[in-house]
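To be precise, the following lines are upload17.txt, and they hold compact mmCIF, C-alpha atoms.
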```txt
# COMPACT_ATOMS: atom_id res chain seq x y z
CA MET K 1 7.76 -50.73 21.44
CA LEU K 2 5.32 -52.12 18.91
CA ASP K 3 3.46 -48.82 18.87
CA LEU K 4 6.69 -47.05 18.09
CA LEU K 5 7.39 -49.39 15.19
CA ALA K 6 3.85 -49.03 13.88
CA GLY K 7 4.10 -45.25 14.10
CA LEU K 8 7.40 -45.29 12.20
CA GLY K 9 5.87 -47.45 9.49
CA ARG K 10 2.85 -45.19 9.24
CA LYS K 11 5.14 -42.20 8.83
CA GLN K 12 6.98 -43.94 5.97
CA LEU K 13 3.70 -44.83 4.30
CA ASP K 14 2.57 -41.19 4.62
CA ILE K 15 5.73 -40.00 2.90
CA LEU K 16 5.29 -42.58 0.15
CA ALA K 17 1.66 -41.58 -0.29
CA ALA K 18 2.59 -37.89 -0.58
CA LEU K 19 5.17 -38.80 -3.23
CA GLY K 20 2.56 -40.77 -5.14
CA ARG K 21 0.02 -37.93 -4.86
CA SER K 22 2.56 -35.46 -6.21
CA GLY K 23 3.25 -37.74 -9.19
CA ILE K 24 -0.43 -38.12 -10.02
CA PHE K 25 -0.88 -34.38 -9.45
CA ILE K 26 1.78 -33.27 -11.94
CA PHE K 27 0.62 -35.86 -14.48
CA GLN K 28 -3.01 -34.77 -14.27
CA SER K 29 -2.25 -31.07 -14.49
CA LEU K 30 0.14 -31.27 -17.44
CA VAL K 31 -1.52 -33.91 -19.64
CA GLY K 32 -4.06 -32.40 -21.98
CA TRP K 33 -3.42 -28.81 -21.01
CA PRO K 34 -5.65 -26.75 -23.33
CA LYS K 35 -3.80 -24.88 -26.05
CA SER K 36 -6.30 -22.06 -26.43
CA THR K 37 -5.45 -18.35 -26.37
CA GLU K 38 -6.99 -18.06 -22.92
CA ALA K 39 -4.63 -20.69 -21.57
CA LEU K 40 -1.76 -18.77 -23.16
CA SER K 41 -2.78 -15.54 -21.47
CA LEU K 42 -2.98 -17.33 -18.10
CA TRP K 43 0.54 -18.60 -18.73
CA VAL K 44 1.84 -15.14 -19.69
CA ARG K 45 0.39 -13.71 -16.48
CA GLN K 46 2.24 -16.36 -14.45
CA VAL K 47 5.51 -15.76 -16.30
CA TYR K 48 5.07 -12.13 -15.31
CA SER K 49 4.56 -12.79 -11.62
CA ILE K 50 7.15 -15.61 -11.39
CA GLY K 51 9.80 -14.46 -13.86
CA VAL K 52 9.63 -10.73 -14.47
CA LEU K 53 9.10 -9.83 -10.83
CA SER K 54 12.09 -12.02 -9.83
CA LEU K 55 14.32 -10.22 -12.29
CA ILE K 56 15.47 -7.48 -9.91
CA ILE K 57 16.75 -9.80 -7.18
CA ILE K 58 18.44 -11.99 -9.82
CA VAL K 59 20.17 -9.05 -11.51
CA VAL K 60 21.34 -7.46 -8.26
CA SER K 61 22.66 -10.67 -6.72
CA GLY K 62 24.26 -11.72 -10.03
CA LEU K 63 26.09 -8.43 -10.23
CA PHE K 64 27.40 -8.65 -6.68
CA ILE K 65 28.38 -12.31 -6.92
CA GLY K 66 30.33 -11.60 -10.12
CA MET K 67 32.02 -8.64 -8.48
CA VAL K 68 32.98 -10.52 -5.33
CA LEU K 69 34.27 -13.47 -7.39
CA ALA K 70 36.52 -11.14 -9.35
CA LEU K 71 37.76 -9.42 -6.20
CA GLN K 72 38.54 -12.66 -4.33
CA GLY K 73 39.96 -14.35 -7.42
CA TYR K 74 42.22 -11.39 -8.11
CA THR K 75 43.76 -11.34 -4.64
CA ILE K 76 44.56 -15.06 -4.93
CA LEU K 77 45.67 -15.12 -8.57
CA VAL K 78 47.88 -12.04 -8.30
CA ASP K 79 50.15 -13.91 -5.86
CA PHE K 80 51.00 -16.31 -8.68
CA GLY K 81 51.18 -13.59 -11.32
CA ALA K 82 48.23 -15.24 -13.03
CA GLU K 83 45.68 -12.43 -12.85
CA GLN K 84 45.20 -12.88 -16.61
CA ALA K 85 43.20 -16.02 -15.78
CA LEU K 86 40.61 -13.97 -13.89
CA GLY K 87 38.09 -13.95 -16.75
CA GLN K 88 38.21 -17.68 -17.14
CA MET K 89 37.80 -18.25 -13.40
CA VAL K 90 34.81 -15.91 -13.12
CA ALA K 91 33.08 -17.24 -16.24
CA LEU K 92 33.63 -20.92 -15.50
CA SER K 93 32.47 -20.77 -11.91
CA LEU K 94 29.42 -18.75 -12.94
CA THR K 95 28.29 -20.84 -15.91
CA ARG K 96 28.95 -24.21 -14.32
CA GLU K 97 27.87 -23.78 -10.73
CA LEU K 98 26.98 -20.43 -9.30
CA ALA K 99 24.45 -19.17 -11.82
CA PRO K 100 22.26 -22.31 -11.87
CA VAL K 101 22.45 -22.95 -8.12
CA VAL K 102 22.17 -19.43 -6.72
CA ALA K 103 19.49 -18.44 -9.21
CA ALA K 104 17.49 -21.55 -8.28
CA LEU K 105 17.88 -20.88 -4.54
CA LEU K 106 16.75 -17.28 -4.99
CA PHE K 107 13.92 -18.47 -7.21
CA ALA K 108 12.77 -20.92 -4.53
CA GLY K 109 12.75 -18.14 -1.95
CA ARG K 110 11.22 -15.45 -4.12
CA ALA K 111 8.79 -17.29 -6.41
CA GLY K 112 8.38 -20.75 -4.87
CA SER K 113 7.21 -19.54 -1.50
CA ALA K 114 4.79 -17.11 -3.19
CA LEU K 115 3.35 -19.94 -5.29
CA THR K 116 2.79 -22.12 -2.24
CA ALA K 117 1.17 -19.34 -0.23
CA GLU K 118 -1.07 -18.27 -3.11
CA ILE K 119 -2.38 -21.73 -3.92
CA GLY K 120 -2.60 -22.58 -0.23
CA LEU K 121 -4.75 -19.54 0.49
CA MET K 122 -6.97 -20.44 -2.48
CA LYS K 123 -7.42 -23.86 -0.95
CA ALA K 124 -8.02 -22.53 2.57
CA THR K 125 -10.69 -20.08 1.38
CA GLU K 126 -12.26 -22.89 -0.68
CA GLN K 127 -11.75 -21.15 -4.02
CA LEU K 128 -10.42 -24.37 -5.47
CA SER K 129 -13.43 -26.44 -4.43
CA SER K 130 -15.89 -23.78 -5.65
CA MET K 131 -14.08 -23.84 -9.00
CA GLU K 132 -14.62 -27.58 -9.15
CA MET K 133 -18.29 -26.95 -8.29
CA ILE K 134 -18.86 -24.75 -11.36
CA GLY K 135 -17.08 -27.26 -13.59
CA VAL K 136 -13.63 -25.64 -13.92
CA ASP K 137 -10.72 -27.99 -13.24
CA PRO K 138 -8.39 -26.15 -10.83
CA LEU K 139 -5.50 -28.36 -11.93
CA LYS K 140 -5.82 -27.01 -15.47
CA ARG K 141 -6.79 -23.45 -14.60
CA ILE K 142 -4.59 -22.70 -11.57
CA VAL K 143 -1.83 -25.28 -11.37
CA ALA K 144 -0.75 -26.02 -14.95
CA PRO K 145 0.01 -22.39 -15.99
CA ARG K 146 2.10 -21.92 -12.84
CA LEU K 147 4.08 -25.11 -13.43
CA LEU K 148 4.81 -24.29 -17.05
CA ALA K 149 5.68 -20.68 -16.23
CA GLY K 150 8.17 -21.87 -13.61
CA PHE K 151 9.81 -24.36 -16.02
CA PHE K 152 10.22 -21.55 -18.52
CA ALA K 153 11.27 -18.69 -16.25
CA LEU K 154 14.17 -20.18 -14.27
CA PRO K 155 16.47 -21.09 -17.23
CA LEU K 156 16.03 -17.56 -18.57
CA LEU K 157 16.75 -16.08 -15.14
CA THR K 158 19.87 -18.27 -14.90
CA LEU K 159 21.18 -16.99 -18.24
CA VAL K 160 20.54 -13.41 -17.14
CA PHE K 161 22.31 -14.14 -13.83
CA ALA K 162 25.38 -15.49 -15.64
CA MET K 163 25.50 -12.57 -18.05
CA VAL K 164 25.21 -9.96 -15.31
CA GLY K 165 27.76 -11.86 -13.19
CA VAL K 166 30.33 -11.86 -15.98
CA GLY K 167 29.61 -8.15 -16.43
CA GLY K 168 30.20 -7.57 -12.70
CA GLY K 169 33.44 -9.53 -12.88
CA TRP K 170 34.57 -7.41 -15.80
CA LEU K 171 33.65 -4.25 -13.92
CA VAL K 172 35.79 -5.13 -10.90
CA GLY K 173 38.60 -6.99 -12.68
CA VAL K 174 39.21 -4.81 -15.72
CA ASP K 175 37.72 -1.46 -14.79
CA TRP K 176 38.81 -1.25 -11.19
CA LEU K 177 41.76 -3.61 -10.59
CA GLY K 178 43.35 -3.06 -13.99
CA VAL K 179 43.51 -6.59 -15.45
CA ASP K 180 44.12 -6.38 -19.19
CA GLY K 181 40.76 -6.40 -20.95
CA GLY K 182 41.91 -8.36 -24.00
CA ALA K 183 43.44 -11.13 -21.87
CA PHE K 184 40.29 -11.21 -19.71
CA TRP K 185 38.01 -11.96 -22.67
CA SER K 186 40.35 -14.13 -24.74
CA ASN K 187 41.27 -16.41 -21.79
CA MET K 188 37.57 -16.68 -20.99
CA GLN K 189 36.70 -17.60 -24.57
CA SER K 190 39.39 -20.24 -24.85
CA ALA K 191 38.40 -21.85 -21.53
CA VAL K 192 34.59 -21.80 -21.74
CA GLY K 193 33.00 -24.19 -24.21
CA PHE K 194 29.51 -23.43 -25.45
CA GLN K 195 28.22 -26.98 -25.29
CA GLN K 196 30.10 -28.30 -22.30
CA ASP K 197 29.64 -25.27 -20.06
CA VAL K 198 26.84 -22.98 -21.20
CA ILE K 199 24.42 -25.63 -22.42
CA ASN K 200 25.13 -27.89 -19.44
CA GLY K 201 24.42 -24.94 -17.14
CA VAL K 202 21.09 -24.39 -18.86
CA ILE K 203 20.25 -28.11 -18.54
CA LYS K 204 21.06 -27.89 -14.83
CA SER K 205 18.78 -24.92 -14.35
CA LEU K 206 16.00 -26.68 -16.26
CA VAL K 207 16.23 -29.62 -13.83
CA PHE K 208 16.18 -27.23 -10.86
CA ALA K 209 13.19 -25.42 -12.36
CA LEU K 210 11.26 -28.69 -12.62
CA ALA K 211 12.10 -29.59 -9.02
CA VAL K 212 11.41 -26.21 -7.43
CA THR K 213 8.12 -25.47 -9.18
CA TRP K 214 6.88 -28.98 -8.65
CA ILE K 215 7.64 -28.83 -4.92
CA ALA K 216 6.18 -25.33 -4.53
CA VAL K 217 2.92 -25.95 -6.34
CA PHE K 218 2.37 -29.38 -4.80
CA GLN K 219 3.02 -28.10 -1.28
CA GLY K 220 0.42 -25.40 -1.87
CA TYR K 221 -2.11 -27.82 -3.31
CA ASP K 222 -1.60 -30.52 -0.69
CA LEU K 223 -1.46 -28.48 2.52
CA VAL K 224 -3.72 -28.57 5.57
CA PRO K 225 -6.14 -25.67 4.87
CA THR K 226 -5.50 -23.59 7.98
CA SER K 227 -3.34 -20.53 8.53
CA GLU K 228 -0.80 -22.69 10.38
CA GLY K 229 -0.84 -25.19 7.52
CA ILE K 230 -0.05 -22.44 5.02
CA SER K 231 2.89 -21.17 7.02
CA ARG K 232 4.22 -24.68 7.47
CA ALA K 233 3.85 -25.49 3.77
CA THR K 234 5.65 -22.29 2.77
CA THR K 235 8.55 -23.16 5.05
CA LYS K 236 8.61 -26.70 3.67
CA THR K 237 8.75 -25.37 0.11
CA VAL K 238 11.87 -23.32 0.77
CA VAL K 239 13.61 -26.02 2.84
CA TYR K 240 12.84 -28.93 0.50
CA SER K 241 13.65 -26.90 -2.62
CA SER K 242 17.02 -25.79 -1.26
CA LEU K 243 17.97 -29.32 -0.22
CA VAL K 244 16.85 -30.81 -3.52
CA ILE K 245 18.72 -28.15 -5.51
CA LEU K 246 21.97 -28.76 -3.67
CA GLY K 247 21.64 -32.54 -3.83
CA LEU K 248 20.75 -32.59 -7.51
CA ASP K 249 23.57 -30.16 -8.22
CA PHE K 250 26.11 -32.62 -6.88
CA ILE K 251 24.70 -35.45 -9.00
CA LEU K 252 24.51 -33.33 -12.14
CA THR K 253 28.03 -31.98 -11.65
CA ALA K 254 29.34 -35.52 -11.20
CA LEU K 255 27.61 -36.56 -14.42
CA MET K 256 28.54 -33.53 -16.51
CA PHE K 257 31.94 -32.30 -15.40
CA SER K 258 33.74 -35.17 -13.70
CA ASN K 259 35.63 -36.20 -16.84
CA ILE K 260 36.79 -32.75 -17.96
CA MET R 1 -2.57 -7.34 -10.83
CA PRO R 2 -1.50 -4.84 -13.50
CA LYS R 3 -3.15 -4.57 -16.90
CA GLN R 4 -2.87 -7.47 -19.33
CA ARG R 5 -1.13 -5.30 -21.94
CA TRP R 6 1.62 -4.25 -19.56
CA VAL R 7 2.01 -7.86 -18.46
CA GLU R 8 2.45 -8.98 -22.06
CA ILE R 9 4.95 -6.23 -22.84
CA SER R 10 7.08 -6.98 -19.80
CA VAL R 11 7.03 -10.73 -20.45
CA GLY R 12 8.13 -10.03 -24.02
CA GLY R 13 10.96 -7.89 -22.68
CA PHE R 14 11.91 -10.68 -20.26
CA MET R 15 12.10 -13.24 -23.08
CA LEU R 16 14.18 -10.85 -25.18
CA LEU R 17 16.55 -10.36 -22.25
CA GLY R 18 16.87 -14.12 -21.89
CA ILE R 19 17.71 -14.57 -25.57
CA LEU R 20 20.16 -11.69 -25.35
CA ALA R 21 21.84 -13.39 -22.39
CA LEU R 22 22.11 -16.66 -24.35
CA VAL R 23 23.68 -14.86 -27.31
CA PHE R 24 26.06 -13.06 -24.97
CA MET R 25 27.08 -16.33 -23.30
CA ALA R 26 27.57 -17.97 -26.70
CA LEU R 27 29.51 -15.28 -28.54
CA LYS R 28 31.28 -13.22 -25.90
CA VAL R 29 31.88 -15.70 -23.08
CA SER R 30 32.38 -19.03 -24.86
CA GLY R 31 33.70 -17.51 -28.10
CA LEU R 32 31.45 -19.62 -30.32
CA THR R 33 31.96 -19.03 -34.02
CA MET R 34 29.49 -20.16 -36.63
CA ASN R 35 31.82 -21.45 -39.34
CA ALA R 36 34.73 -22.96 -37.41
CA ASP R 37 34.23 -26.49 -38.72
CA ARG R 38 33.42 -25.84 -42.34
CA ASN R 39 36.57 -23.92 -43.24
CA SER R 40 39.19 -26.43 -42.23
CA PHE R 41 41.18 -29.38 -43.48
CA GLN R 42 42.75 -32.19 -41.51
CA VAL R 43 46.30 -33.52 -41.47
CA GLU R 44 47.84 -36.21 -39.26
CA ALA R 45 51.05 -36.36 -37.27
CA TYR R 46 52.63 -39.18 -35.23
CA PHE R 47 54.44 -38.41 -31.99
CA GLY R 48 56.49 -40.65 -29.68
CA ASP R 49 55.21 -38.79 -26.62
CA ILE R 50 52.54 -36.10 -26.56
CA GLY R 51 53.09 -35.00 -22.94
CA GLY R 52 50.05 -33.01 -21.83
CA LEU R 53 48.58 -32.30 -25.24
CA LYS R 54 44.77 -32.43 -25.27
CA PRO R 55 42.06 -32.26 -27.93
CA ARG R 56 41.29 -28.59 -28.75
CA SER R 57 44.88 -27.56 -28.01
CA LYS R 58 46.24 -24.84 -30.29
CA VAL R 59 48.24 -25.36 -33.48
CA THR R 60 50.46 -22.39 -34.22
CA LEU R 61 52.68 -21.22 -37.03
CA ALA R 62 55.14 -18.45 -36.16
CA GLY R 63 53.15 -17.99 -32.96
CA VAL R 64 49.86 -17.35 -34.78
CA THR R 65 47.04 -19.81 -34.10
CA VAL R 66 46.21 -21.57 -37.38
CA GLY R 67 44.23 -24.55 -36.13
CA ARG R 68 43.33 -26.92 -33.31
CA VAL R 69 43.99 -30.51 -32.32
CA ALA R 70 40.89 -32.44 -33.38
CA ALA R 71 41.62 -35.91 -31.97
CA ILE R 72 44.35 -37.92 -30.27
CA GLU R 73 44.48 -41.71 -30.37
CA LEU R 74 46.97 -44.51 -29.94
CA ASP R 75 48.33 -46.14 -33.08
CA GLU R 76 48.27 -49.79 -32.05
CA GLU R 77 50.78 -50.95 -34.64
CA TRP R 78 53.72 -48.71 -33.76
CA PHE R 79 52.55 -47.60 -30.30
CA GLU R 80 52.75 -43.96 -31.17
CA ALA R 81 50.22 -41.20 -30.61
CA ARG R 82 48.28 -40.32 -33.75
CA VAL R 83 47.25 -36.66 -33.59
CA VAL R 84 44.73 -35.22 -36.04
CA LEU R 85 45.21 -31.50 -36.66
CA GLU R 86 42.41 -29.31 -37.94
CA MET R 87 43.91 -26.46 -39.94
CA ASN R 88 42.39 -23.28 -41.35
CA SER R 89 41.48 -23.88 -44.98
CA SER R 90 43.24 -20.67 -45.99
CA LEU R 91 46.51 -22.57 -45.53
CA GLN R 92 45.48 -25.44 -47.79
CA GLY R 93 47.98 -25.81 -50.63
CA LYS R 94 50.35 -23.25 -49.14
CA LEU R 95 52.34 -25.32 -46.62
CA SER R 96 55.04 -27.55 -48.05
CA LYS R 97 54.93 -31.30 -47.49
CA ASP R 98 57.96 -31.41 -45.20
CA THR R 99 56.48 -29.05 -42.63
CA ALA R 100 57.75 -29.94 -39.13
CA ALA R 101 55.50 -30.26 -36.08
CA ALA R 102 56.80 -29.92 -32.53
CA ILE R 103 54.94 -30.12 -29.22
CA GLN R 104 55.87 -27.17 -27.08
CA THR R 105 54.85 -25.67 -23.77
CA ALA R 106 53.53 -22.16 -23.26
CA GLY R 107 55.71 -20.79 -20.49
CA LEU R 108 57.20 -23.03 -17.82
CA LEU R 109 53.92 -24.49 -16.55
CA GLY R 110 51.51 -23.59 -19.35
CA ASP R 111 49.47 -25.70 -21.74
CA ASN R 112 51.01 -27.82 -24.47
CA TYR R 113 50.51 -26.78 -28.07
CA ILE R 114 51.80 -27.79 -31.48
CA SER R 115 54.07 -25.41 -33.31
CA LEU R 116 54.60 -25.85 -37.06
CA THR R 117 57.71 -24.87 -39.00
CA PRO R 118 57.35 -24.59 -42.80
CA GLY R 119 59.66 -26.69 -44.96
CA ILE R 120 61.27 -26.11 -48.32
CA GLU R 121 59.81 -28.82 -50.57
CA ASP R 122 57.81 -27.83 -53.65
CA GLU R 123 55.02 -30.32 -53.07
CA MET R 124 52.20 -28.91 -50.93
CA LEU R 125 50.28 -30.33 -47.99
CA GLY R 126 46.68 -31.40 -48.66
CA PRO R 127 43.78 -32.88 -46.65
CA GLY R 128 44.59 -36.26 -45.07
CA ASP R 129 48.36 -35.98 -45.47
CA THR R 130 50.77 -37.00 -42.73
CA LEU R 131 53.47 -34.81 -41.25
CA ARG R 132 56.73 -36.81 -41.22
CA ASP R 133 59.03 -34.51 -39.31
CA THR R 134 57.77 -34.44 -35.72
CA GLN R 135 59.30 -33.67 -32.36
CA SER R 136 57.83 -35.07 -29.13
CA ALA R 137 56.97 -33.10 -26.04
CA LEU R 138 59.79 -32.00 -23.80
CA ILE R 139 59.07 -33.42 -20.36
CA LEU R 140 60.65 -31.39 -17.61
CA GLU R 141 60.91 -34.23 -15.09
CA GLN R 142 62.83 -36.41 -17.54
CA LEU R 143 65.27 -33.58 -18.25
CA ILE R 144 65.85 -32.99 -14.54
CA ASN R 145 66.32 -36.72 -14.01
CA GLN R 146 68.85 -36.88 -16.81
CA PHE R 147 70.68 -33.87 -15.45
CA ILE R 148 70.88 -35.36 -11.96
CA THR R 149 72.12 -38.77 -13.14
CA ASN R 150 74.68 -37.16 -15.46
CA SER R 151 76.05 -34.81 -12.83
CA SER R 152 76.28 -37.57 -10.21
CA ARG R 153 78.29 -39.68 -12.62
CA ASP R 154 80.93 -36.96 -13.02
```

Go through the file and emit its structure as C-alpha cells.
Amino acid sequence: MLDLLAGLGRKQLDILAALGRSGIFIFQSLVGWPKSTEALSLWVRQVYSIGVLSLIIIVVSGLFIGMVLALQGYTILVDFGAEQALGQMVALSLTRELAPVVAALLFAGRAGSALTAEIGLMKATEQLSSMEMIGVDPLKRIVAPRLLAGFFALPLLTLVFAMVGVGGGWLVGVDWLGVDGGAFWSNMQSAVGFQQDVINGVIKSLVFALAVTWIAVFQGYDLVPTSEGISRATTKTVVYSSLVILGLDFILTALMFSNI
Amino acid sequence: MPKQRWVEISVGGFMLLGILALVFMALKVSGLTMNADRNSFQVEAYFGDIGGLKPRSKVTLAGVTVGRVAAIELDEEWFEARVVLEMNSSLQGKLSKDTAAAIQTAGLLGDNYISLTPGIEDEMLGPGDTLRDTQSALILEQLINQFITNSSRD
C-alpha cells in the first residue's frame, strides 16, 4: 500500500519535473537567439519544411470542409427558406472555430510529429551531443529556428485554410446549389466582424501554434534515445497536441465569444 | 533538402499567400472598409422600448442603409433608451430637424433596424442633435396579448 502511494507520488513528481524542464528549455532556446543572417536562413529553411510543405494538406482539407459545410448547411437552411444565410454560416463557423482548430490538428499531425522524430533521431544518433562538443549550442542551432518557424507558420496556414474554405463554400453554395451570390457575400459581410471574428481566430491559432510546436520540439528533445523512445515520443506529440488544442479551444471560445 | 534559393522563393510565396488570405478575410469576408468612421456624424434618439435593437444595427432611409447604431444606453433620468446613430456624412445638413425615427423589424422574425422618415422643417439636422419624433419597437408578443385580452372581453 505504501509502495503504491510512493509510486504515485513519484509519478506526479516526474510529470512536474518534465513540465519544469520544458519551461527551462523554451526559455533557454528563445532568449538571446542570434539575429545574424545565418540564423535567418536556418529559420527560412524551417518555415519551408514546416509551413510550405504543409500547405497542400491544409488547402485540400480546407476546400473540402468548406464544401461539406455549405452542403450540410444548405439542406438544413432550405427547410426554413433561409438559404440566403449560407454565406454567414460558412464564414462564421470557419473563422471562429473550424479553421484554427482543424488547421492546428492537421499541423500537429503533419509537422509536429515530423519535428519530434527529426530531433529525436538527432538525439539518438548523438548529433546533439557532438554539436555541444564542438561548441555549438543545439538549443540555438536546432531548436530555436524550429520553434519560431512553427509560431509563424500556423497562423498563416489558418488564414489560408479559412480563405480556401470560404471559397469551397461559395463553390458548392452559389455555383452548384444556386444560392444567390450577392446575398451570399453581403450576409457574410454583415455578420462577420474583422476584429471580433477574424482577428480572434488568428489569436486562437497563434496560441495553438505556441502549444503544438512547444510540445513537439520538447518531446523530441526530451525523449529516451532509442527507436522505441522515438516512436513513443512521436505518438505523445500527436496525442498531447490534439488534447491541448481542443481544451484550449474551449477556454478561448468561452473568453472570446461567450458575450456575443 | 532542396536548394536554398528554391527554399527562399517558396517561403516568400507562402508569406505572400498568407497576406493575401488576410486581405481576403478582411475585405471580402468581413467587409472591412477603411474610412467607415471618419465620414460620419452622430445624432441621438430616445426610445421608450428598443425591442431587440443592438449596436451595429442598420439605420435606413427609404430602405437604403445610411448609417449604423453606434451605442445604446439607459437614460437614468427618464428611464428611456438613449440610442446614438452614426450617419453618413453625405447626409449632414440635408435632413430636416423633425426627421422621425422608428424601430422596425426586417420580416416577421428578422433583425431590428431604425428607419428614418424625413420631415418638412427648414432647419437642418447637425452633429449631436436629438431626434424628437420617435416610435418604439413593435413587440409581437404584446400585440398578441392585447388581441387575446380584447377578444375575450367581447

**Request:** With a cut-off of 8 Å and counting all atoms listed in the file, select all residues of chain R in contact with chain K and give the selection as JSON, numbers by chain.
**Result:** {"R": [4, 7, 8, 10, 11, 14, 15, 17, 18, 19, 21, 22, 24, 25, 26, 28, 29, 30, 31, 32]}

**Request:** Kindly provide, as a list in words, the polymer residues lying within 10 Å of (39.4, -25.4, -50.9), counting all atoms listed in the file and using the coordinates exactly as they appear in the file.
**Result:**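 The residues that fall inside the cut-off are Asn39, Ser40, Phe41, Ser89, Ser90, Leu91, Gln92, Gly93, Gly126 and Pro127 of chain R.
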
**Prompt:** What does the distance between CA of Val179 (chain K) and CA of Leu20 (chain R) come to in Å, to one decimal place?
**Reply:**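 Atom-to-atom, CA of Val179 (chain K) and CA of Leu20 (chain R) are spaced 25.9 Å apart.
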
**Message:** Nearest residue to Leu246 (chain K) out of K:Tyr221, K:Phe208, K:Phe151, K:Trp43, using all atoms listed in the file?
**Reply:** K:Phe208

**Item:** Separation of CA of Val102 (chain K) from CA of Leu27 (chain R), in Å and rounded to one decimal
**Value:**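 Between these atoms lies a distance of 23.4 Å.
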
**Request:** Tell me which protein, DNA and RNA residues are within 9 Å of region 111-123 of chain R, counting all atoms listed in the file, leaving out same-chain ones fewer than 6 positions away, and put them as a list in words.
**Result:**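 Neighbouring residues, sequence-local ones excluded: Ile50, Gly51, Gly52, Leu53, Lys54, Ser57, Lys58, Val59, Thr60, Leu61, Ala62, Gly63, Arg68, Val69, Gly93, Leu95, Ser96, Lys97, Asp98, Thr99, Ala100, Ala101, Ala102, Ile103, Gln104, Thr105 and Ala137 of chain R.
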
**Request:** Skip Tyr46 (chain R) itself and residues of its chain fewer than 3 positions away, then list as a ChimeraX atom specification all residues within 10 Å of it, counting all atoms listed in the file.
**Result:** /R:49-50,72-75,78-84,101,130-136

**Message:** Calculated over only C-alpha atoms, which of the candidates R:Met87, R:Lys94, R:Lys3, R:Ala106 has the smallest distance to Leu138 (chain R)?
**Reply:**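 Ranked by minimum distance to Leu138 (chain R), first place goes to R:Ala106.
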